[in-house]
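Enquirer: Have a look at the structure that comes next, please.
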Amino acid sequence: MSITSTTTTGPVWTTTVDPDSEQFKTNDAASRQLASELHDRMSHVIDGGRDRSIKRHLGRGKVMVRDRIDMIIDPGTPFMELSTLAAFGQYDDVAPGAGIVTGIGVVGGIPFMFIANDATVKGGSLLPASIKKHVRAQHIAEEQQIGCIYLADSGGAFLPLQDEIFPDKDHFGGSFYRQARMSAMGLPQLSVVLGGCTAGGAYVPALSDEVIMVEGIGRIFLGGPPIVKAALGEVIEPDELGGADMHTRVSGVSDYIVQTEAEAYIKLREICATTAQRTIDNNQGWLDTIPAEPPVYNPEEIYGIISADARIPFDSREIIARMVDGSEYNEFKPEWGETLTCGFSRIWGHRVGILANNGILFSNSAQKATHFIELCEQRQIPLLFLQNTSGYMVGKDSEMGGIAKHGAQMVTAVANAKVPRFTVLIGNSYGAGNYGMCGRGLAPRFLFAWPNSRIATMSAETAQTVLVDIRVAGLKAAETTDEDIAKLRKEVGDQYEMHSNPYYATSRIWDDGLIDPVKTRDALGLCLSLAARQDAPNSGGIVYRM
Ligand code: COA
C-alpha cells in the first residue's frame, strides 16, 4: 500500500488494478454473466405465476402484487424487497418467490414491513418456504420495531404440504403469535383484503388492528363455500359467506369497505398516518403536535345543530367537524356499530381519538369502542368522549347478544386506558352509557358539560313509566285512581327533571364546569396541552416538556 495524500478521514487508496489486463477482462465477463443470470431469475420471479393465472388475475381487475406495493409507498422511494428468490429450484419451480413478496417500504415517511401474497402463484397459498419468508419478515419487523402491512390474497396453507406448514413452532401458528404480540407492542398490524382469504389466510386480517376490504374481490372465511357445503350441507355464494359488504356491515370483521384497490391504498395511507406518532416521534405519544388550523365550519353553527328538543337526535359528526382542526375527521369503522362514531382528529394541533354517541349503545357499538380504545392505547393518542346517549340497548335480542358483557368490556377498556381521557357531555348521559363513555366514575382527567346536557340513570320520561309502574304495583289497585297515577307521574317527572338538570349536576361538582359549546375546542386544547407536558405512559420514564 502506498500513501499519496491524506484527508481528515484517512489515506486514499492507490489502486493496482489494471482494467486492460486479461485477468480483469475474464473476471469482468464471468461476473457480468452471473449478474445477468441473477437478473433473469429475478425477473422470472417478478413476472409471477403462470401466464394463465396472471391473465385470470388481471381479468378480475386485480393488480399484480409488486404494483400494489408501488401504489402504496411514497412516490420516488425505494422498496427493499427481501428473499426474492425464495423457493428457487424447489417444488418443481411452480412457486416463484414462494408466492409471497416481503420487504420494507416507506408510507407517509414511516417504514413498514410489507407481507403480500402473490395470488398468481397457487392462489397465494403458503408453501413451507412461503411461511418461512412470512415469519422471517415478521421477525425483522419486530427487531426493527416497525409495523406490518399485509396485502392478503391467500388460500391459506398449501394443502398437499400441510404437515410442513401447520403444526410446528415457526409455522402458521407462529406467524399468528408474532402478529398478536407485535400489535400488543404497539407496532401497527394493518391488512388490505384483496382476494379469497380462507382458513389460515383469514386469520391474518382477523388478527390485524385495522382491516380494509375491497368489494367484489376481497373475501374472508374460515371455511369457503365448498367446505361449508361438505360440512353443513349449506349452499352459499362466496360474497354472502364472506364478502366485503357482509364483513364490514354485518360481522364487523372488516373496518372499511372500498370499491377499488386504488381507493384501498388511499385509505391505507390515511391509516398509516394515524400510526405516525409512535414510529416517527420515538414514542412521544400526544406530544406529536403540528401547527393548529381552525375548523373549516364555523363553531358557532354548533348552536344550530344541538337539538332544542332533547328527544330529537343530532349527528355528533357535525359537532366534531366544528371542533377539530381543519374539520378533518378520519372515521374508524364507519359502516358498523353506527350508533357510536369513532375517529381520529386534531384539536389545537394535538392528535386525539374521539368517541361520540349517535344514539343508543348496541353490542356492536360497544365492541367498536373497545377496539378503538385499544388502537388509541397502542398509538398513544389521548381519548375524547362526547356523550349523548340514553345508554345500552335493553331487550331480549340485546341480552341474548351479550350486551352486558360487551358493555362491561367497553367499561374495562376505558378504565384501563393509560392515555389521557377527556369527556364532554354534549347531550344526554343516561344509565351505564355514562360509565362506558367515561363518566366521572371512570376518572377522565377533565369532564365538562354543555348547558343542554342531562345526566341520570334514565330520562325523566322513562323514569315516569318505570317508577309509576313499580309504585302502582305496590299500591292496592282498587284504591288507585287515575288522579293518583297522574299525580305520581308528575312527581317523578319533576324530580327527574330537577336531578338530571346540568345546573344541579355542576352545583354538586359532578363535572369540571358547564361550558359554552362554542368554547369546547379551546377548553380541550388547553387540556391536551397540559397532558402533553407530562410523561408519555409507555415512554419508559422519559419526561417530555413543551
Ligand atoms: N392449497 C393448495 N393449492 C391451492 C390452495 C391451497 N390451499 N388454494 C389454491 N390452490 C391452488 C389451486 O389448486 C390452483 O392451482 P393450479 O394453478 O395448479 O390449478 C391455484 O391455486 C389457483 O386456485 P384457484 O382456485 O383456481 O384460484 P381462484 O383465484 O379462483 O381461488 C382461492 C383462489 C384461494 C380463493 C381458492 O383456491 C380456494 O378457496 N382455495 C382453497 C382454500 C382452502 O380451503 N384453504 C384451506 C387451508 S387450511
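Note on naming: chains are A, B, ... as they come in the C-alpha cells, residues start from 1 per chain, ligands start from 1 in the order shown.
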I want to know what sits within 8 Å of A:Gly433, based on only C-alpha atoms, with residues of the same chain fewer than 6 positions away left out; could you give that as an MDAnalysis selection string?
Expert: chainID A and resid 361 389:392
Enquirer: Using only C-alpha atoms and all ligand atoms, determine which residues fall within 10 Å of ligand 1, then list them as an MDAnalysis selection string.
Expert: chainID A and resid 49:50 52:53 56:57 60 94 119:127 153:162 165:166 172 195:202 217:227 238
Enquirer: Hey, what's within 12 Å of A:Glu318 if we count only C-alpha atoms and toss same-chain stuff fewer than 2 positions away? As a tab-separated table (two decimals) with all heavy atoms, in the first residue's frame, please?
Expert:
chain	number	residue	atom	x	y	z
A	295	PRO	N	-61.27	25.10	12.53
A	295	PRO	CA	-62.20	24.25	11.79
A	295	PRO	C	-62.65	24.96	10.50
A	295	PRO	O	-62.71	26.20	10.47
A	295	PRO	CB	-63.38	24.08	12.75
A	295	PRO	CG	-62.88	24.46	14.09
A	295	PRO	CD	-61.79	25.45	13.87
A	296	VAL	N	-62.94	24.18	9.48
A	296	VAL	CA	-63.43	24.76	8.22
A	296	VAL	C	-64.83	25.35	8.44
A	296	VAL	O	-65.17	26.39	7.91
A	296	VAL	CB	-63.47	23.67	7.12
A	296	VAL	CG1	-64.22	24.15	5.89
A	296	VAL	CG2	-62.05	23.23	6.76
A	297	TYR	N	-65.63	24.65	9.25
A	297	TYR	CA	-67.00	25.12	9.52
A	297	TYR	C	-67.01	25.99	10.77
A	297	TYR	O	-66.25	25.74	11.71
A	297	TYR	CB	-67.95	23.93	9.72
A	297	TYR	CG	-67.96	23.01	8.53
A	297	TYR	CD1	-67.27	21.80	8.57
A	297	TYR	CD2	-68.62	23.38	7.37
A	297	TYR	CE1	-67.25	20.96	7.46
A	297	TYR	CE2	-68.61	22.55	6.26
A	297	TYR	CZ	-67.92	21.34	6.31
A	297	TYR	OH	-67.91	20.53	5.23
A	298	ASN	N	-67.87	26.96	10.78
A	298	ASN	CA	-67.93	27.91	11.87
A	298	ASN	C	-68.42	27.23	13.17
A	298	ASN	O	-69.53	26.69	13.20
A	298	ASN	CB	-68.90	29.02	11.45
A	298	ASN	CG	-68.96	30.13	12.49
A	298	ASN	OD1	-68.40	30.00	13.58
A	298	ASN	ND2	-69.63	31.21	12.14
A	299	PRO	N	-67.63	27.26	14.24
A	299	PRO	CA	-68.05	26.63	15.50
A	299	PRO	C	-69.38	27.17	16.02
A	299	PRO	O	-70.11	26.48	16.70
A	299	PRO	CB	-66.91	26.94	16.47
A	299	PRO	CG	-65.72	27.16	15.58
A	299	PRO	CD	-66.24	27.75	14.33
A	300	GLU	N	-69.70	28.39	15.66
A	300	GLU	CA	-70.98	28.95	16.14
A	300	GLU	C	-72.17	28.17	15.60
A	300	GLU	O	-73.28	28.25	16.16
A	300	GLU	CB	-71.10	30.43	15.73
A	300	GLU	CG	-70.00	31.28	16.31
A	300	GLU	CD	-70.53	32.47	17.08
A	300	GLU	OE1	-71.71	32.78	16.92
A	300	GLU	OE2	-69.74	33.07	17.84
A	301	GLU	N	-71.96	27.44	14.51
A	301	GLU	CA	-73.07	26.65	13.95
A	301	GLU	C	-73.47	25.51	14.89
A	301	GLU	O	-74.53	24.91	14.73
A	301	GLU	CB	-72.67	26.09	12.58
A	301	GLU	CG	-72.61	27.17	11.51
A	301	GLU	CD	-72.03	26.68	10.19
A	301	GLU	OE1	-71.59	25.51	10.10
A	301	GLU	OE2	-71.99	27.48	9.24
A	302	ILE	N	-72.59	25.22	15.86
A	302	ILE	CA	-72.94	24.17	16.85
A	302	ILE	C	-74.27	24.52	17.52
A	302	ILE	O	-75.10	23.66	17.77
A	302	ILE	CB	-71.82	24.03	17.91
A	302	ILE	CG1	-70.58	23.40	17.27
A	302	ILE	CG2	-72.29	23.17	19.10
A	302	ILE	CD1	-69.38	23.27	18.21
A	303	TYR	N	-74.49	25.80	17.76
A	303	TYR	CA	-75.74	26.21	18.40
A	303	TYR	C	-76.96	25.74	17.61
A	303	TYR	O	-77.99	25.38	18.17
A	303	TYR	CB	-75.83	27.74	18.51
A	303	TYR	CG	-74.81	28.37	19.44
A	303	TYR	CD1	-74.13	29.53	19.07
A	303	TYR	CD2	-74.55	27.83	20.69
A	303	TYR	CE1	-73.22	30.13	19.91
A	303	TYR	CE2	-73.64	28.42	21.54
A	303	TYR	CZ	-72.97	29.57	21.15
A	303	TYR	OH	-72.08	30.17	21.99
A	304	GLY	N	-76.83	25.75	16.30
A	304	GLY	CA	-77.96	25.37	15.45
A	304	GLY	C	-78.08	23.87	15.25
A	304	GLY	O	-79.06	23.39	14.68
A	305	ILE	N	-77.06	23.14	15.67
A	305	ILE	CA	-77.08	21.68	15.47
A	305	ILE	C	-77.64	20.96	16.70
A	305	ILE	O	-78.37	19.99	16.58
A	305	ILE	CB	-75.66	21.19	15.11
A	305	ILE	CG1	-75.26	21.77	13.75
A	305	ILE	CG2	-75.59	19.67	15.09
A	305	ILE	CD1	-73.80	21.67	13.44
A	306	ILE	N	-77.29	21.46	17.88
A	306	ILE	CA	-77.83	20.85	19.11
A	306	ILE	C	-79.36	20.95	19.04
A	306	ILE	O	-79.90	22.03	18.80
A	306	ILE	CB	-77.36	21.63	20.36
A	306	ILE	CG1	-75.84	21.66	20.46
A	306	ILE	CG2	-77.97	21.06	21.63
A	306	ILE	CD1	-75.32	22.64	21.50
A	313	PRO	N	-82.59	13.39	17.91
A	313	PRO	CA	-81.14	13.21	17.86
A	313	PRO	C	-80.46	14.18	16.89
A	313	PRO	O	-81.11	14.71	15.99
A	313	PRO	CB	-80.99	11.76	17.36
A	313	PRO	CG	-82.28	11.42	16.69
A	313	PRO	CD	-83.34	12.31	17.25
A	314	PHE	N	-79.18	14.40	17.11
A	314	PHE	CA	-78.38	15.16	16.13
A	314	PHE	C	-77.09	14.39	15.89
A	314	PHE	O	-76.68	13.59	16.74
A	314	PHE	CB	-78.13	16.60	16.60
A	314	PHE	CG	-77.44	16.72	17.93
A	314	PHE	CD1	-76.05	16.75	18.02
A	314	PHE	CD2	-78.18	16.82	19.11
A	314	PHE	CE1	-75.43	16.87	19.25
A	314	PHE	CE2	-77.56	16.95	20.35
A	314	PHE	CZ	-76.18	16.97	20.42
A	315	ASP	N	-76.49	14.60	14.73
A	315	ASP	CA	-75.31	13.83	14.33
A	315	ASP	C	-74.06	14.43	14.99
A	315	ASP	O	-73.68	15.56	14.68
A	315	ASP	CB	-75.20	13.85	12.80
A	315	ASP	CG	-74.12	12.90	12.28
A	315	ASP	OD1	-73.25	12.48	13.08
A	315	ASP	OD2	-74.16	12.57	11.08
A	316	SER	N	-73.42	13.65	15.87
A	316	SER	CA	-72.24	14.17	16.58
A	316	SER	C	-71.12	14.54	15.62
A	316	SER	O	-70.26	15.35	15.96
A	316	SER	CB	-71.67	13.14	17.54
A	316	SER	OG	-72.63	12.38	18.08
A	320	ILE	N	-68.33	17.46	15.81
A	320	ILE	CA	-66.88	17.22	15.71
A	320	ILE	C	-66.28	18.12	14.61
A	320	ILE	O	-65.24	18.74	14.80
A	320	ILE	CB	-66.61	15.72	15.42
A	320	ILE	CG1	-67.04	14.87	16.62
A	320	ILE	CG2	-65.14	15.48	15.07
A	320	ILE	CD1	-67.09	13.37	16.35
A	321	ALA	N	-66.97	18.19	13.49
A	321	ALA	CA	-66.46	18.97	12.35
A	321	ALA	C	-66.29	20.45	12.70
A	321	ALA	O	-65.53	21.16	12.04
A	321	ALA	CB	-67.42	18.84	11.16
A	322	ARG	N	-66.98	20.91	13.72
A	322	ARG	CA	-66.88	22.32	14.12
A	322	ARG	C	-65.99	22.51	15.35
A	322	ARG	O	-65.95	23.58	15.94
A	322	ARG	CB	-68.29	22.88	14.37
A	322	ARG	CG	-69.00	23.12	13.05
A	322	ARG	CD	-70.49	23.09	13.15
A	322	ARG	NE	-71.07	23.28	11.82
A	322	ARG	CZ	-71.27	22.29	10.94
A	322	ARG	NH1	-70.95	21.05	11.24
A	322	ARG	NH2	-71.76	22.54	9.74
A	323	MET	N	-65.30	21.44	15.73
A	323	MET	CA	-64.49	21.49	16.94
A	323	MET	C	-63.02	21.16	16.64
A	323	MET	O	-62.13	21.55	17.39
A	323	MET	CB	-65.06	20.42	17.88
A	323	MET	CG	-64.86	20.64	19.33
A	323	MET	SD	-65.43	19.17	20.19
A	323	MET	CE	-67.08	19.61	20.53
A	324	VAL	N	-62.78	20.46	15.55
A	324	VAL	CA	-61.43	19.93	15.31
A	324	VAL	C	-60.71	20.69	14.20
A	324	VAL	O	-61.34	21.35	13.37
A	324	VAL	CB	-61.47	18.42	14.99
A	324	VAL	CG1	-62.13	17.64	16.10
A	324	VAL	CG2	-62.16	18.14	13.65
A	327	SER	N	-61.51	20.74	10.38
A	327	SER	CA	-62.72	19.89	10.30
A	327	SER	C	-62.37	18.50	9.78
A	327	SER	O	-63.21	17.83	9.18
A	327	SER	CB	-63.80	20.53	9.42
A	327	SER	OG	-64.18	21.77	9.96
A	328	GLU	N	-61.12	18.07	10.00
A	328	GLU	CA	-60.69	16.77	9.47
A	328	GLU	C	-60.97	15.67	10.49
A	328	GLU	O	-60.53	15.74	11.63
A	328	GLU	CB	-59.19	16.79	9.15
A	328	GLU	CG	-58.90	17.59	7.90
A	328	GLU	CD	-57.42	17.75	7.64
A	328	GLU	OE1	-56.61	16.98	8.20
A	328	GLU	OE2	-57.07	18.67	6.87
A	329	TYR	N	-61.73	14.67	10.05
A	329	TYR	CA	-62.13	13.58	10.93
A	329	TYR	C	-61.97	12.27	10.16
A	329	TYR	O	-62.67	12.04	9.18
A	329	TYR	CB	-63.59	13.79	11.36
A	329	TYR	CG	-64.14	12.74	12.29
A	329	TYR	CD1	-63.51	12.47	13.50
A	329	TYR	CD2	-65.31	12.05	11.97
A	329	TYR	CE1	-64.03	11.52	14.37
A	329	TYR	CE2	-65.83	11.10	12.84
A	329	TYR	CZ	-65.18	10.84	14.04
A	329	TYR	OH	-65.69	9.90	14.90
A	341	THR	N	-69.82	6.89	16.86
A	341	THR	CA	-68.81	7.20	15.85
A	341	THR	C	-67.47	7.35	16.55
A	341	THR	O	-67.37	7.93	17.64
A	341	THR	CB	-69.19	8.46	15.03
A	341	THR	OG1	-68.09	8.78	14.18
A	341	THR	CG2	-69.50	9.66	15.90
A	356	ALA	N	-67.90	9.37	19.99
A	356	ALA	CA	-69.09	10.22	20.18
A	356	ALA	C	-70.34	9.40	19.90
A	356	ALA	O	-70.42	8.70	18.90
A	356	ALA	CB	-69.02	11.43	19.25
A	357	ASN	N	-71.32	9.52	20.81
A	357	ASN	CA	-72.57	8.77	20.62
A	357	ASN	C	-73.39	9.34	19.48
A	357	ASN	O	-73.42	10.54	19.26
A	357	ASN	CB	-73.43	8.84	21.89
A	357	ASN	CG	-72.73	8.28	23.09
A	357	ASN	OD1	-72.41	8.98	24.04
A	357	ASN	ND2	-72.47	6.99	23.06
A	358	ASN	N	-74.03	8.42	18.78
A	358	ASN	CA	-75.03	8.82	17.79
A	358	ASN	C	-76.27	7.96	18.03
A	358	ASN	O	-76.84	7.42	17.08
A	358	ASN	CB	-74.49	8.63	16.37
A	358	ASN	CG	-74.11	9.96	15.75
A	358	ASN	OD1	-74.52	11.01	16.22
A	358	ASN	ND2	-73.33	9.92	14.68
Enquirer: Excluding A:Val211 and any residue of its chain fewer than 4 positions from it, enumerate the residues within 7 Å of it, using only C-alpha atoms, and give them as a ChimeraX atom specification.
Expert: /A:190-192,205,254-256
Enquirer: So which residues touch stretch 30-43 of chain A within 12 Å, counting only C-alpha atoms, skipping near sequence neighbours fewer than 6 positions away, as a ChimeraX atom specification?
Expert: /A:23-24,49,66,81-89,93,96-97
Enquirer: Could you tell me, as a list in words, which residues of stretch 203-356 of chain A DSSP assigns to strand (DSSP E) when given the backbone?
Expert: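 DSSP on the backbone gives strand (DSSP E) at Glu210, Val211, Ile212, Met213, Val214, Arg219, Ile220, Phe221, Tyr256, Ile257, Val258, Asn330, Glu331, Phe332, Leu340, Thr341, Cys342, Gly343, Phe344, Ser345, Arg346, Ile347, His350, Arg351, Val352, Gly353, Ile354, Leu355 and Ala356 of chain A.
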Enquirer: Residues near A:Ile212, anyone? I mean within 12 Å using only C-alpha atoms, not counting same-chain ones fewer than 4 positions away, as a ChimeraX atom specification.
Expert: /A:149-152,189-195,205-206,208,217-220,243-245,247-248,252-271,332-335
Enquirer: By how many Å are atom CA of A:Val214 and atom CA of A:Gly61 apart?
Expert: 11.4 Å
Enquirer: List as number ranges by chain the protein and nucleic acid residues near A:Phe385, meaning an atom at most 9 Å away when only C-alpha atoms are counted, but skip any in the same chain fewer than 3 places from it.
Expert: A: 353-357, 421-425, 437-439
Enquirer: Could you jot down the atom CA of A:Thr457 to atom CA of A:Tyr435 separation for me, Å, one decimal place?
Expert: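 If I compute the distance from atom CA of A:Thr457 to atom CA of A:Tyr435, I get 10.6 Å.
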Enquirer: Compare A:Gly359, A:Glu497, A:Ala310, A:Ala129 by their minimum atom-to-atom distance to A:Ala95, counting only C-alpha atoms, and give me the closest one.
Expert: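 Answer, going by the shortest atom-to-atom distance: A:Ala129.
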Enquirer: Could you give me, as JSON, numbers by chain, each residue of stretch 291-501 of chain A that DSSP assigns to helix (DSSP H, G or I) when run on this structure's backbone?
Expert: {"A": [299, 300, 301, 302, 303, 304, 305, 316, 317, 318, 319, 320, 325, 326, 327, 363, 364, 365, 366, 367, 368, 369, 370, 371, 372, 373, 374, 375, 376, 377, 378, 379, 396, 397, 398, 399, 400, 403, 404, 405, 406, 407, 408, 409, 410, 411, 412, 413, 414, 415, 416, 432, 433, 434, 435, 436, 440, 441, 442, 460, 461, 462, 463, 464, 465, 466, 467, 468, 469, 470, 471, 472, 473, 474, 477, 478, 479, 482, 483, 484, 485, 486, 487, 488, 489, 490, 491, 492, 493, 494, 495, 496, 497, 498, 499]}
